[in-house]
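Read the structure below first, then the notes.
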Amino acid sequence: MHANTISRRDWLKTATAIGLGAGLFTSRQSFGQDPPAAIDIGSRRELFIDRFLIDRLEGDARQRLHHPVPREISLVHDAPWEGTGSGYHSVFRDGDLYRMYYKAWHLEASEGKLDTGRHPLFCCYAESKDGILWEKPELGIHEFHGSKANNIVMVSGTFGSLKVDAGHPAVFKDENPSAPPEARYKAILRSSGPNGLIPHQSPDGIHWSPMTDAPILGGRGAFDSQNLAFWDPTIGMYRAYWRIFTAGVTDEKNWKPAGHRAIRTAVSEDLIHWEEEADVTYEDSPSEHLYTNQVKPYCRAPHILIGFPTRYVERGWSPSMEALPELEHRRMRSTSSDRYGMAITEGLLMASRDGVRFKRWNEAFLRPGIERPGTWHYGHQYIAWHAVETKSELPGAPDELSLYAGESYWTGNSSELRRYTLRLDGFVSLSAAMNGGECVSRPLTFSGNRLHLNFATSAAGALRVELQQPDGTAIPGFSIADCHELFGDTVDRVVTWKGDGNAGSLAGKPVRLRFELKDAELYSFWFGL
């Protein structure tokens, strides 16, 4: 190796320490020891979900967390092989088809007991043409109560030396260009003994087979959650994220975990052999119970890893707890274990550019919402893995993001999955009220000719952009005074300045961006044609 370069692994350690992250660079290469003077964003779409590109905020400017809007119920898990414990959904777009995989299970609460014996844990499949209307196809693969007329794709049980738990599935389409046709789809299932994970492969997303005859990552976690893996095109490797407890397990035989529910990660070239294990860390967040992680490259900006972890909180019994929905059933669950009655869950948002150090928003991303039956309980608002792009319900409006989250977990006879929507790139905005604010970026380089924005203003609000030298002086022809005022609500508007507004002459040169906002939200930007 050349004397002035270091390995990717050592660079990631350095980048994590200084807050840069792997999103700066192309995959599988060596890098100079000194961090670059300017961040090369090329023509990538950049979001304000973290502070990676922000040098300073002035005036009223701030980063503002946005929240998904509830829509219709997408699926009701009321088939005999499903039930109140159904969850851990994986959702992704596959060409013109949307695919969904999930745990099918039923739990029955009674005085002093939680019965899980109605049927084993299954992995089931649903599909949609638009991500809005879903159906459960009769696959005819696995038998349930004498019939194969069901949507079960994987079952729990012993397969050779493996003990497969099909009820903790994470399924994805493998975007690795080297993946063979028979392994185009992958799934991560839990091993019920010995402890670990079992990767599966499929040529069609329906018929599955194990990839190994022994669990991967065996004994290196708790795994009692939705553990997942995926191909990360930014680093050209697979990443895995799985459940641990911060203080380990105090009693392996009787399974007594200690500390907080937390997340561990590693990378792999083949999904079998793993290295660079690390516990996920957060820049400004307290230690909290995180039940799932839901990390994946964002579909519109894959160099940014976005997660929707589930926050688990035990609030204790109080008048407010007793005022929440379904008190009688809550008390019944509590006779089995107090936490089954008083625990509350909700969805969070976090993002990373190196896969280890995350910006986690401490405010809830998906709150339990208005009190109603099937809400404010253990298992509520587990967000599916992951967001997908769907058509808007408003005629003529641009596409939006759809997310899905569970309701009615452990109550009644079934559980449900509700769809939520969010503006494209609309997780976090750079925001300012009418009295105005500014954001100045760190020095960066770009490729392309024109600056595109995803933004929204009021009728009286506005947004303007200045291109600066790294020292902060305005570049002639691209100052705030030269910028034509932008207003409206669009996911793609080109910034223009007096003259032709073509910024191609600055491509490849270090510049800063100065955003001036008044009653405006800026969600993302990129340079293109």
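So you can find residues: chains in the structure tokens are A, B, ... in the order shown, residues in each start at 1, and ligands are numbered from 1 in order.
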
Enumerate the residues of range 310-490 of chain A with a DSSP assignment of alpha helix (DSSP H), computed from the backbone, and present them as a list in words.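 Of range 310-490 of chain A, only Pro319, Ser320, Met321, Glu322, Ala323, Leu327, Glu328, His329, Arg330, Arg331, Met332, Arg333, Ser334, Thr335, Ser336, Asp338, Arg339, Tyr340, Gly341 and Met342 of chain A fall in alpha helix (DSSP H).
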
Would you export the selected residues with N, CA and C atoms as a PDB file, in the first residue's frame, please?
```
ATOM      1  N   PRO A 319     -52.402   7.446  36.803  1.00  0.00           N
ATOM      2  CA  PRO A 319     -53.706   7.820  36.224  1.00  0.00           C
ATOM      3  C   PRO A 319     -53.665   7.967  34.709  1.00  0.00           C
ATOM      4  N   SER A 320     -52.556   8.502  34.162  1.00  0.00           N
ATOM      5  CA  SER A 320     -52.459   8.631  32.711  1.00  0.00           C
ATOM      6  C   SER A 320     -52.387   7.268  32.033  1.00  0.00           C
ATOM      7  N   MET A 321     -51.632   6.338  32.623  1.00  0.00           N
ATOM      8  CA  MET A 321     -51.561   4.993  32.055  1.00  0.00           C
ATOM      9  C   MET A 321     -52.940   4.344  32.059  1.00  0.00           C
ATOM     10  N   GLU A 322     -53.675   4.522  33.136  1.00  0.00           N
ATOM     11  CA  GLU A 322     -54.999   3.911  33.239  1.00  0.00           C
ATOM     12  C   GLU A 322     -56.027   4.606  32.348  1.00  0.00           C
ATOM     13  N   ALA A 323     -55.728   5.813  31.868  1.00  0.00           N
ATOM     14  CA  ALA A 323     -56.638   6.525  30.972  1.00  0.00           C
ATOM     15  C   ALA A 323     -56.430   6.136  29.513  1.00  0.00           C
ATOM     16  N   LEU A 327     -58.076  -0.424  28.810  1.00  0.00           N
ATOM     17  CA  LEU A 327     -57.513  -0.628  30.142  1.00  0.00           C
ATOM     18  C   LEU A 327     -57.711  -2.059  30.622  1.00  0.00           C
ATOM     19  N   GLU A 328     -58.880  -2.623  30.383  1.00  0.00           N
ATOM     20  CA  GLU A 328     -59.138  -3.979  30.878  1.00  0.00           C
ATOM     21  C   GLU A 328     -58.152  -4.977  30.277  1.00  0.00           C
ATOM     22  N   HIS A 329     -57.925  -4.867  28.984  1.00  0.00           N
ATOM     23  CA  HIS A 329     -56.985  -5.777  28.336  1.00  0.00           C
ATOM     24  C   HIS A 329     -55.552  -5.469  28.756  1.00  0.00           C
ATOM     25  N   ARG A 330     -55.244  -4.201  28.978  1.00  0.00           N
ATOM     26  CA  ARG A 330     -53.914  -3.804  29.443  1.00  0.00           C
ATOM     27  C   ARG A 330     -53.628  -4.426  30.810  1.00  0.00           C
ATOM     28  N   ARG A 331     -54.614  -4.380  31.689  1.00  0.00           N
ATOM     29  CA  ARG A 331     -54.440  -4.984  33.016  1.00  0.00           C
ATOM     30  C   ARG A 331     -54.290  -6.502  32.920  1.00  0.00           C
ATOM     31  N   MET A 332     -55.026  -7.110  31.992  1.00  0.00           N
ATOM     32  CA  MET A 332     -54.923  -8.553  31.823  1.00  0.00           C
ATOM     33  C   MET A 332     -53.522  -8.952  31.366  1.00  0.00           C
ATOM     34  N   ARG A 333     -52.975  -8.214  30.378  1.00  0.00           N
ATOM     35  CA  ARG A 333     -51.622  -8.503  29.918  1.00  0.00           C
ATOM     36  C   ARG A 333     -50.621  -8.322  31.052  1.00  0.00           C
ATOM     37  N   SER A 334     -50.868  -7.369  31.903  1.00  0.00           N
ATOM     38  CA  SER A 334     -49.945  -7.074  32.991  1.00  0.00           C
ATOM     39  C   SER A 334     -49.886  -8.187  34.019  1.00  0.00           C
ATOM     40  N   THR A 335     -50.944  -8.993  34.119  1.00  0.00           N
ATOM     41  CA  THR A 335     -50.909 -10.107  35.083  1.00  0.00           C
ATOM     42  C   THR A 335     -49.908 -11.174  34.649  1.00  0.00           C
ATOM     43  N   SER A 336     -49.561 -11.204  33.365  1.00  0.00           N
ATOM     44  CA  SER A 336     -48.535 -12.121  32.893  1.00  0.00           C
ATOM     45  C   SER A 336     -47.149 -11.530  33.110  1.00  0.00           C
ATOM     46  N   ASP A 338     -45.734  -7.344  34.015  1.00  0.00           N
ATOM     47  CA  ASP A 338     -46.177  -5.963  34.154  1.00  0.00           C
ATOM     48  C   ASP A 338     -45.847  -5.127  32.924  1.00  0.00           C
ATOM     49  N   ARG A 339     -44.713  -5.395  32.296  1.00  0.00           N
ATOM     50  CA  ARG A 339     -44.321  -4.587  31.141  1.00  0.00           C
ATOM     51  C   ARG A 339     -45.249  -4.799  29.955  1.00  0.00           C
ATOM     52  N   TYR A 340     -45.905  -5.956  29.857  1.00  0.00           N
ATOM     53  CA  TYR A 340     -46.843  -6.187  28.762  1.00  0.00           C
ATOM     54  C   TYR A 340     -48.052  -5.259  28.855  1.00  0.00           C
ATOM     55  N   GLY A 341     -48.314  -4.759  30.048  1.00  0.00           N
ATOM     56  CA  GLY A 341     -49.436  -3.853  30.215  1.00  0.00           C
ATOM     57  C   GLY A 341     -49.058  -2.385  30.193  1.00  0.00           C
ATOM     58  N   MET A 342     -47.837  -2.066  30.635  1.00  0.00           N
ATOM     59  CA  MET A 342     -47.519  -0.646  30.790  1.00  0.00           C
ATOM     60  C   MET A 342     -46.464  -0.143  29.801  1.00  0.00           C
TER      61      MET A 342
END
```

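Once Tyr298 in chain A and its same-chain neighbours fewer than 6 positions away are set aside, Arg45, Glu46, Leu47, Ile49, Phe92, Asp232, Pro233, Thr234, Ile304, Leu305, Ile306, Gly307, Phe308, Met350, Ala351, Ser352, Arg353, Trp385, His386, Ala387, Val388, Glu389, Leu401, Leu424, Asp425, Gly426 and Phe427 of chain A remain within 12 Å of it when counting only C-alpha atoms.
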
Distance table requested - range 100-199 of chain A against range 278-294 of chain A, cut-off 12 Å, only C-alpha atoms: one row per qualifying residue with the closest atom pair and its distance in Å to one decimal, ordered by chain and rising residue number, as a tab-separated table.
```
residue	atom	partner	partner_atom	distance
A:His168	CA	A:Thr292	CA	11.0
A:Pro169	CA	A:Gln294	CA	12.0
A:Ala170	CA	A:Gln294	CA	9.3
A:Val171	CA	A:Gln294	CA	11.5
A:Phe172	CA	A:Gln294	CA	12.0
```

Which residues are near His142 in chain A? Cut-off 12 Å, only C-alpha atoms, ignore same chain within fewer than 5 positions. Put them as a list of chain:residue names.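 Neighbouring residues, sequence-local ones excluded: A:Trp81, A:Phe122, A:Cys123, A:Cys124, A:Ser147, A:Lys148, A:Ala149, A:Asn150, A:Asn151, A:Ile152, A:Val153, A:Met154, A:Val155, A:Ser156, A:Ile206, A:His207, A:Trp208.
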
What would the file look like if the residues just selected were written as an mmCIF file, in the first residue's frame with N, CA and C atoms?
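Result went into part_28.cif, see below:
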```
data_model
loop_
_atom_site.group_PDB
_atom_site.id
_atom_site.type_symbol
_atom_site.label_atom_id
_atom_site.label_comp_id
_atom_site.auth_asym_id
_atom_site.auth_seq_id
_atom_site.Cartn_x
_atom_site.Cartn_y
_atom_site.Cartn_z
ATOM 1 N N TRP A 81 -53.723 -18.339 10.169
ATOM 2 C CA TRP A 81 -52.284 -18.507 10.380
ATOM 3 C C TRP A 81 -51.597 -17.180 10.735
ATOM 4 N N PHE A 122 -44.660 -18.000 11.376
ATOM 5 C CA PHE A 122 -44.483 -18.101 9.935
ATOM 6 C C PHE A 122 -43.953 -16.780 9.379
ATOM 7 N N CYS A 123 -43.381 -16.858 8.182
ATOM 8 C CA CYS A 123 -43.111 -15.664 7.377
ATOM 9 C C CYS A 123 -44.094 -15.691 6.218
ATOM 10 N N CYS A 124 -44.874 -14.611 6.076
ATOM 11 C CA CYS A 124 -45.892 -14.527 5.035
ATOM 12 C C CYS A 124 -45.559 -13.433 4.027
ATOM 13 N N SER A 147 -54.366 -27.445 4.486
ATOM 14 C CA SER A 147 -54.564 -26.717 3.236
ATOM 15 C C SER A 147 -53.331 -25.871 2.912
ATOM 16 N N LYS A 148 -53.028 -25.760 1.609
ATOM 17 C CA LYS A 148 -51.945 -24.896 1.157
ATOM 18 C C LYS A 148 -52.473 -23.590 0.566
ATOM 19 N N ALA A 149 -53.744 -23.319 0.763
ATOM 20 C CA ALA A 149 -54.340 -22.074 0.274
ATOM 21 C C ALA A 149 -54.027 -20.947 1.248
ATOM 22 N N ASN A 150 -52.785 -20.468 1.225
ATOM 23 C CA ASN A 150 -52.332 -19.420 2.134
ATOM 24 C C ASN A 150 -51.169 -18.677 1.507
ATOM 25 N N ASN A 151 -50.679 -17.667 2.206
ATOM 26 C CA ASN A 151 -49.576 -16.841 1.698
ATOM 27 C C ASN A 151 -48.296 -17.048 2.498
ATOM 28 N N ILE A 152 -48.126 -18.230 3.081
ATOM 29 C CA ILE A 152 -46.930 -18.548 3.868
ATOM 30 C C ILE A 152 -45.774 -18.876 2.917
ATOM 31 N N VAL A 153 -44.624 -18.199 3.119
ATOM 32 C CA VAL A 153 -43.450 -18.467 2.286
ATOM 33 C C VAL A 153 -42.337 -19.177 3.044
ATOM 34 N N MET A 154 -42.287 -19.017 4.367
ATOM 35 C CA MET A 154 -41.275 -19.715 5.172
ATOM 36 C C MET A 154 -41.902 -20.142 6.487
ATOM 37 N N VAL A 155 -41.498 -21.315 6.973
ATOM 38 C CA VAL A 155 -42.047 -21.865 8.211
ATOM 39 C C VAL A 155 -40.924 -22.086 9.215
ATOM 40 N N SER A 156 -41.292 -22.091 10.492
ATOM 41 C CA SER A 156 -40.339 -22.391 11.553
ATOM 42 C C SER A 156 -40.202 -23.900 11.709
ATOM 43 N N ILE A 206 -40.161 -16.076 -3.506
ATOM 44 C CA ILE A 206 -41.231 -16.930 -3.004
ATOM 45 C C ILE A 206 -40.689 -18.256 -2.460
ATOM 46 N N HIS A 207 -39.765 -18.871 -3.173
ATOM 47 C CA HIS A 207 -39.214 -20.167 -2.780
ATOM 48 C C HIS A 207 -37.827 -19.946 -2.180
ATOM 49 N N TRP A 208 -37.627 -20.391 -0.942
ATOM 50 C CA TRP A 208 -36.450 -20.033 -0.163
ATOM 51 C C TRP A 208 -35.660 -21.264 0.280
#
```

Spatial neighbours of Asn195 in chain A, 12 Å, only C-alpha atoms, chain gap at least 5 places, as a PyMOL selection string: chain A and resi 162-165+189-190+214-224+243+252-253+255

Leu451 in chain A surroundings by only C-alpha atoms, 9 Å radius, close-in-sequence under 5 positions cut, as JSON, numbers by chain: {"A": [493, 494, 495, 496, 502, 503, 525, 526, 527, 528, 529]}

Would you list the contacts of Ser447 in chain A as a list in words, taking every protein, DNA or RNA residue within 12 Å and counting only C-alpha atoms, but skipping same-chain residues closer than 6 positions in sequence?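 Residues near the query, excluding close chain neighbours: Ile39, Asp40, Ile41, Gly42, Ser43, Arg44, Arg45, Ala503, Gly504, Ser505, Leu506, Ala507, Gly508, Lys509, Pro510, Val511, Trp526, Phe527, Gly528 and Leu529 of chain A.
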
Identify, on the basis of only C-alpha atoms, every residue whose closest approach to Arg372 in chain A does not exceed 10 Å; exclude the query and any residue fewer than 4 positions from it along the same chain; express the result as number ranges by chain. A: 324-326, 368, 376

Those residues you just picked out, can you put them in a file as a PDB file, in the first residue's frame with N, CA, C and O atoms?
```
ATOM      1  N   LEU A 324     -55.361   5.384  29.210  1.00  0.00           N
ATOM      2  CA  LEU A 324     -55.088   4.988  27.828  1.00  0.00           C
ATOM      3  C   LEU A 324     -56.087   3.933  27.358  1.00  0.00           C
ATOM      4  O   LEU A 324     -56.772   3.307  28.176  1.00  0.00           O
ATOM      5  N   PRO A 325     -56.194   3.721  26.038  1.00  0.00           N
ATOM      6  CA  PRO A 325     -57.207   2.792  25.521  1.00  0.00           C
ATOM      7  C   PRO A 325     -57.053   1.363  26.049  1.00  0.00           C
ATOM      8  O   PRO A 325     -55.950   0.933  26.385  1.00  0.00           O
ATOM      9  N   GLU A 326     -58.195   0.650  26.126  1.00  0.00           N
ATOM     10  CA  GLU A 326     -58.260  -0.780  26.411  1.00  0.00           C
ATOM     11  C   GLU A 326     -57.642  -1.130  27.762  1.00  0.00           C
ATOM     12  O   GLU A 326     -56.793  -2.012  27.879  1.00  0.00           O
ATOM     13  N   PRO A 368     -47.504   7.664  18.954  1.00  0.00           N
ATOM     14  CA  PRO A 368     -48.681   6.780  18.996  1.00  0.00           C
ATOM     15  C   PRO A 368     -49.941   7.444  18.445  1.00  0.00           C
ATOM     16  O   PRO A 368     -50.855   6.762  17.992  1.00  0.00           O
ATOM     17  N   TRP A 376     -51.367   2.979  21.548  1.00  0.00           N
ATOM     18  CA  TRP A 376     -50.761   3.293  22.840  1.00  0.00           C
ATOM     19  C   TRP A 376     -50.515   2.023  23.681  1.00  0.00           C
ATOM     20  O   TRP A 376     -50.838   1.972  24.859  1.00  0.00           O
TER      21      TRP A 376
END
```

Can you work out the spacing between CA of Asp78 in chain A and CA of Asn413 in chain A in Å, to one decimal? 7.1 Å
